[in-house]
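> To be precise about what I am sending: the file is called final10.cif and holds mmCIF, C-alpha atoms.
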```cif
data_protein
loop_
_atom_site.group_PDB
_atom_site.id
_atom_site.type_symbol
_atom_site.label_atom_id
_atom_site.label_comp_id
_atom_site.auth_asym_id
_atom_site.auth_seq_id
_atom_site.Cartn_x
_atom_site.Cartn_y
_atom_site.Cartn_z
ATOM 1 C CA ALA A 1 116.076 35.325 35.215
ATOM 2 C CA VAL A 2 119.810 35.784 35.485
ATOM 3 C CA ASP A 3 121.543 37.227 38.540
ATOM 4 C CA GLY A 4 123.982 39.771 37.117
ATOM 5 C CA GLN A 5 126.470 39.304 39.948
ATOM 6 C CA SER A 6 126.541 35.552 40.511
ATOM 7 C CA GLY A 7 125.420 34.344 37.085
ATOM 8 C CA ALA A 8 122.836 32.031 38.684
ATOM 9 C CA SER A 9 119.723 31.647 36.534
ATOM 10 C CA HIS A 10 116.293 30.023 36.234
ATOM 11 C CA TRP A 11 113.249 30.163 33.963
ATOM 12 C CA LEU A 12 110.382 32.572 34.782
ATOM 13 C CA PHE A 13 107.719 30.293 33.274
ATOM 14 C CA SER A 14 107.126 26.577 33.244
ATOM 15 C CA GLY A 15 107.318 25.149 29.706
ATOM 16 C CA TYR A 16 106.957 26.776 26.288
ATOM 17 C CA ARG A 17 103.190 27.332 26.287
ATOM 18 C CA ARG A 18 103.177 31.097 25.834
ATOM 19 C CA ALA A 19 104.617 33.923 23.767
ATOM 20 C CA VAL A 20 106.270 36.823 25.595
ATOM 21 C CA MET A 21 105.114 39.979 23.819
ATOM 22 C CA SER A 22 106.868 42.656 25.923
ATOM 23 C CA GLN A 23 108.244 43.466 29.340
ATOM 24 C CA GLU A 24 108.572 46.540 31.530
ATOM 25 C CA VAL A 25 110.696 47.209 34.611
ATOM 26 C CA VAL A 26 108.815 48.636 37.621
ATOM 27 C CA THR A 27 110.922 50.884 39.843
ATOM 28 C CA LYS A 28 110.719 52.674 43.169
ATOM 29 C CA GLU A 29 112.330 56.051 43.695
ATOM 30 C CA GLY A 30 115.523 55.751 45.688
ATOM 31 C CA PRO A 31 116.537 57.754 48.746
ATOM 32 C CA GLU A 32 118.534 60.211 46.642
ATOM 33 C CA LYS A 33 116.713 62.333 44.067
ATOM 34 C CA GLY A 34 117.000 60.900 40.570
ATOM 35 C CA THR A 35 117.826 57.371 41.703
ATOM 36 C CA ALA A 36 115.558 54.364 41.342
ATOM 37 C CA THR A 37 115.539 50.736 42.415
ATOM 38 C CA ASP A 38 114.129 47.966 40.224
ATOM 39 C CA VAL A 39 111.384 46.214 42.200
ATOM 40 C CA ALA A 40 109.601 44.066 39.613
ATOM 41 C CA LEU A 41 109.296 43.068 35.991
ATOM 42 C CA VAL A 42 105.868 43.120 34.316
ATOM 43 C CA ILE A 43 105.668 40.687 31.407
ATOM 44 C CA ARG A 44 102.876 40.784 28.783
ATOM 45 C CA THR A 45 102.206 37.357 27.292
ATOM 46 C CA VAL A 46 99.831 35.418 25.109
ATOM 47 C CA ASP A 47 99.184 32.106 26.850
ATOM 48 C CA ALA A 48 96.944 30.369 24.295
ATOM 49 C CA ASP A 49 95.610 30.579 20.746
ATOM 50 C CA THR A 50 92.245 32.028 21.796
ATOM 51 C CA ASN A 51 91.183 33.127 18.287
ATOM 52 C CA GLY A 52 91.910 29.756 16.652
ATOM 53 C CA ASP A 53 94.285 30.961 13.928
ATOM 54 C CA GLY A 54 97.088 28.584 14.967
ATOM 55 C CA LEU A 55 99.376 31.417 16.134
ATOM 56 C CA LEU A 56 100.136 33.175 19.413
ATOM 57 C CA THR A 57 99.841 36.887 18.583
ATOM 58 C CA ASP A 58 98.508 40.076 20.168
ATOM 59 C CA LYS A 59 95.153 39.230 18.530
ATOM 60 C CA ASP A 60 94.729 36.521 21.191
ATOM 61 C CA LYS A 61 93.748 37.084 24.840
ATOM 62 C CA GLN A 62 96.667 38.643 26.730
ATOM 63 C CA SER A 63 98.024 38.229 30.254
ATOM 64 C CA LEU A 64 100.212 40.278 32.570
ATOM 65 C CA TYR A 65 102.639 38.572 34.922
ATOM 66 C CA VAL A 66 104.830 40.044 37.633
ATOM 67 C CA TYR A 67 108.272 38.784 38.568
ATOM 68 C CA ARG A 68 110.290 40.069 41.514
ATOM 69 C CA PRO A 69 113.875 39.139 42.333
ATOM 70 C CA GLY A 70 113.852 36.054 44.540
ATOM 71 C CA MET A 71 110.666 34.569 43.067
ATOM 72 C CA MET A 72 110.953 31.190 41.385
ATOM 73 C CA LEU A 73 108.249 31.851 38.748
ATOM 74 C CA ALA A 74 106.403 34.879 37.426
ATOM 75 C CA THR A 75 102.842 35.222 38.766
ATOM 76 C CA LYS A 76 99.822 36.164 36.630
ATOM 77 C CA PHE A 77 97.907 39.164 37.965
ATOM 78 C CA PHE A 78 95.748 40.186 34.992
ATOM 79 C CA GLU A 79 94.127 38.862 31.794
ATOM 80 C CA ALA A 80 92.135 40.689 29.095
ATOM 81 C CA GLU A 81 90.929 40.343 25.526
ATOM 82 C CA TYR A 82 93.310 43.130 24.494
ATOM 83 C CA ILE A 83 95.691 45.291 26.532
ATOM 84 C CA VAL A 84 95.818 48.777 25.016
ATOM 85 C CA SER A 85 98.505 50.195 27.305
ATOM 86 C CA ARG A 86 100.135 49.786 30.682
ATOM 87 C CA LYS A 87 102.364 52.023 32.714
ATOM 88 C CA GLN A 88 103.698 52.642 36.177
ATOM 89 C CA THR A 89 102.184 56.027 37.094
ATOM 90 C CA ASP A 90 104.065 56.537 40.392
ATOM 91 C CA ASP A 91 105.686 54.514 43.190
ATOM 92 C CA ALA A 92 102.278 53.257 44.382
ATOM 93 C CA ASN A 93 100.249 52.659 41.185
ATOM 94 C CA TYR A 94 100.322 50.671 37.959
ATOM 95 C CA LEU A 95 97.732 51.545 35.281
ATOM 96 C CA VAL A 96 96.391 49.105 32.671
ATOM 97 C CA VAL A 97 94.020 50.207 29.894
ATOM 98 C CA PHE A 98 92.288 47.279 28.248
ATOM 99 C CA GLU A 99 89.314 46.285 26.123
ATOM 100 C CA ARG A 100 86.370 44.293 27.406
ATOM 101 C CA GLY A 101 84.016 43.641 24.503
ATOM 102 C CA LYS A 102 83.531 47.039 22.833
ATOM 103 C CA SER A 103 84.379 49.002 26.003
ATOM 104 C CA ALA A 104 87.697 50.400 27.166
ATOM 105 C CA ILE A 105 88.485 50.103 30.870
ATOM 106 C CA ALA A 106 91.175 51.690 33.059
ATOM 107 C CA ALA A 107 92.350 49.460 35.912
ATOM 108 C CA THR A 108 94.710 50.644 38.630
ATOM 109 C CA PHE A 109 96.815 48.170 40.607
ATOM 110 C CA SER A 110 98.685 48.895 43.832
ATOM 111 C CA LEU A 111 102.447 48.563 43.965
ATOM 112 C CA PRO A 112 104.371 46.549 44.893
ATOM 113 C CA ASP A 113 101.721 43.809 45.363
ATOM 114 C CA PHE A 114 99.736 44.317 42.093
ATOM 115 C CA LYS A 115 96.340 44.107 43.810
ATOM 116 C CA LEU A 116 93.420 45.659 41.920
ATOM 117 C CA LYS A 117 92.546 49.077 43.408
ATOM 118 C CA SER A 118 89.988 50.340 40.902
ATOM 119 C CA GLU A 119 88.446 49.573 37.546
ATOM 120 C CA ARG A 120 86.584 52.294 35.643
ATOM 121 C CA PRO A 121 85.162 52.519 32.124
ATOM 122 C CA ILE A 122 86.681 55.039 29.743
ATOM 123 C CA PRO A 123 84.041 57.224 28.037
ATOM 124 C CA GLU A 124 83.364 56.478 24.376
ATOM 125 C CA VAL A 125 84.809 58.857 21.791
ATOM 126 C CA SER A 126 82.222 61.400 20.721
ATOM 127 C CA ASP A 127 81.540 62.188 17.051
#
```
Rewrite the structure of this file - the entire thing - as structure tokens.

Amino acid sequence: AVDGQSGASHWLFSGYRRAVMSQEVVTKEGPEKGTATDVALVIRTVDADTNGDGLLTDKDKQSLYVYRPGMMLATKFFEAEYIVSRKQTDDANYLVVFERGKSAIAATFSLPDFKLKSERPIPEVSD
């Protein structure tokens, strides 16, 4: 993390034991229409070679971490076999669609604390 004004910086993770796959900025609508404030960074990682192929790829179990300005390290809030998609749906909710075995699940987390609000299966695709 690098402070754009002061140039001060620090690492978001301890060590090199993971691969960062992607990141997404979480925002909150500002007081004026069309403005937004960055409130967090969600980072999708692979923390271990869970399929035993010697590589850290999106075929391994995946984790989601949150980092907010002022934190020393990013904090893990979610882990799944495979994360299909994730998105901030509004100022109060963050949606994660993931696979558990052969089922797809939609999990909603509250913002800004990333606490699990609900977890519901997604219906199977019909023929």
> Selection in question (the file shown): the PyMOL selection byres ((chain A and resi 119) around 6). Which residues does it include, as an MDAnalysis selection string?
chainID A and resid 106:107 118 120
> Could you make a table, as a tab-separated table, of the residues of range 77-109 of chain A that have an atom within 12 Å of an atom of range 31-39 of chain A, each with its nearest atom pair and distance in Å to one decimal, counting all atoms listed in the file, in chain and number order?

```
residue	atom	partner	partner_atom	distance
A:Gln88	CA	A:Val39	CA	11.7
A:Asp90	CA	A:Ala36	CA	11.7
A:Asp91	CA	A:Ala36	CA	10.0
A:Ala92	CA	A:Val39	CA	11.7
```
> Counting all atoms listed in the file, what is within 10 Å of range 59-70 of chain A, bar same-chain residues fewer than 4 positions away, as an mmCIF file with C-alpha atoms, in the frame of the given file?

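Final output, saved to selection13.cif:
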```cif
data_model
loop_
_atom_site.group_PDB
_atom_site.id
_atom_site.type_symbol
_atom_site.label_atom_id
_atom_site.label_comp_id
_atom_site.auth_asym_id
_atom_site.auth_seq_id
_atom_site.Cartn_x
_atom_site.Cartn_y
_atom_site.Cartn_z
ATOM 1 C CA ALA A 1 116.076 35.325 35.215
ATOM 2 C CA VAL A 2 119.810 35.784 35.485
ATOM 3 C CA ASP A 3 121.543 37.227 38.540
ATOM 4 C CA LEU A 12 110.382 32.572 34.782
ATOM 5 C CA PHE A 13 107.719 30.293 33.274
ATOM 6 C CA ARG A 18 103.177 31.097 25.834
ATOM 7 C CA ALA A 19 104.617 33.923 23.767
ATOM 8 C CA VAL A 20 106.270 36.823 25.595
ATOM 9 C CA MET A 21 105.114 39.979 23.819
ATOM 10 C CA SER A 22 106.868 42.656 25.923
ATOM 11 C CA GLN A 23 108.244 43.466 29.340
ATOM 12 C CA GLU A 24 108.572 46.540 31.530
ATOM 13 C CA VAL A 25 110.696 47.209 34.611
ATOM 14 C CA VAL A 26 108.815 48.636 37.621
ATOM 15 C CA ASP A 38 114.129 47.966 40.224
ATOM 16 C CA VAL A 39 111.384 46.214 42.200
ATOM 17 C CA ALA A 40 109.601 44.066 39.613
ATOM 18 C CA LEU A 41 109.296 43.068 35.991
ATOM 19 C CA VAL A 42 105.868 43.120 34.316
ATOM 20 C CA ILE A 43 105.668 40.687 31.407
ATOM 21 C CA ARG A 44 102.876 40.784 28.783
ATOM 22 C CA THR A 45 102.206 37.357 27.292
ATOM 23 C CA VAL A 46 99.831 35.418 25.109
ATOM 24 C CA ASP A 47 99.184 32.106 26.850
ATOM 25 C CA ALA A 48 96.944 30.369 24.295
ATOM 26 C CA ASP A 49 95.610 30.579 20.746
ATOM 27 C CA THR A 50 92.245 32.028 21.796
ATOM 28 C CA ASN A 51 91.183 33.127 18.287
ATOM 29 C CA GLY A 52 91.910 29.756 16.652
ATOM 30 C CA ASP A 53 94.285 30.961 13.928
ATOM 31 C CA LEU A 55 99.376 31.417 16.134
ATOM 32 C CA ALA A 74 106.403 34.879 37.426
ATOM 33 C CA THR A 75 102.842 35.222 38.766
ATOM 34 C CA LYS A 76 99.822 36.164 36.630
ATOM 35 C CA PHE A 77 97.907 39.164 37.965
ATOM 36 C CA PHE A 78 95.748 40.186 34.992
ATOM 37 C CA GLU A 79 94.127 38.862 31.794
ATOM 38 C CA ALA A 80 92.135 40.689 29.095
ATOM 39 C CA GLU A 81 90.929 40.343 25.526
ATOM 40 C CA TYR A 82 93.310 43.130 24.494
ATOM 41 C CA ILE A 83 95.691 45.291 26.532
ATOM 42 C CA ARG A 86 100.135 49.786 30.682
ATOM 43 C CA VAL A 96 96.391 49.105 32.671
ATOM 44 C CA PHE A 98 92.288 47.279 28.248
ATOM 45 C CA PRO A 112 104.371 46.549 44.893
ATOM 46 C CA ASP A 113 101.721 43.809 45.363
ATOM 47 C CA PHE A 114 99.736 44.317 42.093
#
```
> Any chance you could work out the axis-aligned box around range 70-78 of chain A, listed atoms only, 6 Å on each side, giving centre and edge lengths in Å to one decimal, as lines of an AutoDock Vina configuration file?

```
center_x = 104.8
center_y = 35.7
center_z = 39.8
size_x = 30.1
size_y = 21.0
size_z = 21.5
```
> To one decimal place in Å, what is the distance between CA of Ala104 in chain A and CA of Pro121 in chain A?
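We find that CA of Ala104 in chain A and CA of Pro121 in chain A lie 6.0 Å from each other.
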> Taking into account only C-alpha atoms, which residue in the set A:Leu73, A:Asn93, A:Ile122, A:Ala8 is nearest to Ser110 in chain A?
A:Asn93
> Please compute the CA of Val97 in chain A-CA of Lys117 in chain A distance, one decimal, in Å.
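Rounded to one decimal, the two atoms are 13.6 Å apart.
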> What gap, in Å, lies between CA of Ile105 in chain A and CA of Thr57 in chain A?
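We find that CA of Ile105 in chain A and CA of Thr57 in chain A lie 21.3 Å from each other.
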> Output as a CSV table (one decimal), in the frame of the given file: range 62-89 of chain A, completed with N, CA and C atoms.

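The resulting file, result.csv, is reproduced below:
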```csv
chain,number,residue,atom,x,y,z
A,62,GLN,N,95.4,38.3,26.2
A,62,GLN,CA,96.7,38.6,26.7
A,62,GLN,C,96.7,38.6,28.3
A,63,SER,N,97.8,38.3,28.8
A,63,SER,CA,98.0,38.2,30.3
A,63,SER,C,99.2,39.1,30.7
A,64,LEU,N,99.1,39.6,31.9
A,64,LEU,CA,100.2,40.3,32.6
A,64,LEU,C,100.7,39.5,33.8
A,65,TYR,N,102.0,39.3,33.8
A,65,TYR,CA,102.6,38.6,34.9
A,65,TYR,C,103.6,39.5,35.6
A,66,VAL,N,103.8,39.3,36.9
A,66,VAL,CA,104.8,40.0,37.6
A,66,VAL,C,105.9,39.1,38.1
A,67,TYR,N,107.1,39.5,38.0
A,67,TYR,CA,108.3,38.8,38.6
A,67,TYR,C,109.1,39.7,39.4
A,68,ARG,N,109.4,39.3,40.6
A,68,ARG,CA,110.3,40.1,41.5
A,68,ARG,C,111.5,39.2,41.8
A,69,PRO,N,112.7,39.9,42.0
A,69,PRO,CA,113.9,39.1,42.3
A,69,PRO,C,113.6,38.2,43.5
A,70,GLY,N,114.1,37.0,43.5
A,70,GLY,CA,113.9,36.1,44.5
A,70,GLY,C,112.7,35.1,44.3
A,71,MET,N,111.8,35.5,43.4
A,71,MET,CA,110.7,34.6,43.1
A,71,MET,C,111.2,33.5,42.2
A,72,MET,N,110.6,32.3,42.3
A,72,MET,CA,111.0,31.2,41.4
A,72,MET,C,110.3,31.3,40.0
A,73,LEU,N,109.0,31.7,40.0
A,73,LEU,CA,108.2,31.9,38.7
A,73,LEU,C,107.5,33.2,38.7
A,74,ALA,N,107.2,33.7,37.6
A,74,ALA,CA,106.4,34.9,37.4
A,74,ALA,C,105.0,34.5,37.8
A,75,THR,N,104.2,35.5,38.3
A,75,THR,CA,102.8,35.2,38.8
A,75,THR,C,101.9,36.1,37.9
A,76,LYS,N,100.8,35.4,37.4
A,76,LYS,CA,99.8,36.2,36.6
A,76,LYS,C,99.0,37.0,37.6
A,77,PHE,N,98.8,38.3,37.2
A,77,PHE,CA,97.9,39.2,38.0
A,77,PHE,C,96.8,39.8,37.1
A,78,PHE,N,96.8,39.6,35.8
A,78,PHE,CA,95.7,40.2,35.0
A,78,PHE,C,95.6,39.5,33.7
A,79,GLU,N,94.4,39.5,33.1
A,79,GLU,CA,94.1,38.9,31.8
A,79,GLU,C,93.0,39.7,31.1
A,80,ALA,N,93.1,39.9,29.8
A,80,ALA,CA,92.1,40.7,29.1
A,80,ALA,C,92.1,40.3,27.6
A,81,GLU,N,91.0,40.6,27.0
A,81,GLU,CA,90.9,40.3,25.5
A,81,GLU,C,92.0,41.1,24.8
A,82,TYR,N,92.3,42.3,25.1
A,82,TYR,CA,93.3,43.1,24.5
A,82,TYR,C,93.8,44.2,25.5
A,83,ILE,N,95.1,44.3,25.7
A,83,ILE,CA,95.7,45.3,26.5
A,83,ILE,C,96.2,46.4,25.6
A,84,VAL,N,95.5,47.6,25.8
A,84,VAL,CA,95.8,48.8,25.0
A,84,VAL,C,97.1,49.4,25.5
A,85,SER,N,97.3,49.6,26.8
A,85,SER,CA,98.5,50.2,27.3
A,85,SER,C,98.7,49.8,28.8
A,86,ARG,N,99.9,50.0,29.3
A,86,ARG,CA,100.1,49.8,30.7
A,86,ARG,C,101.3,50.6,31.1
A,87,LYS,N,101.3,51.1,32.3
A,87,LYS,CA,102.4,52.0,32.7
A,87,LYS,C,102.4,52.2,34.2
A,88,GLN,N,103.5,52.3,34.8
A,88,GLN,CA,103.7,52.6,36.2
A,88,GLN,C,103.5,54.1,36.2
A,89,THR,N,102.5,54.6,37.0
A,89,THR,CA,102.2,56.0,37.1
A,89,THR,C,102.9,56.7,38.2
```
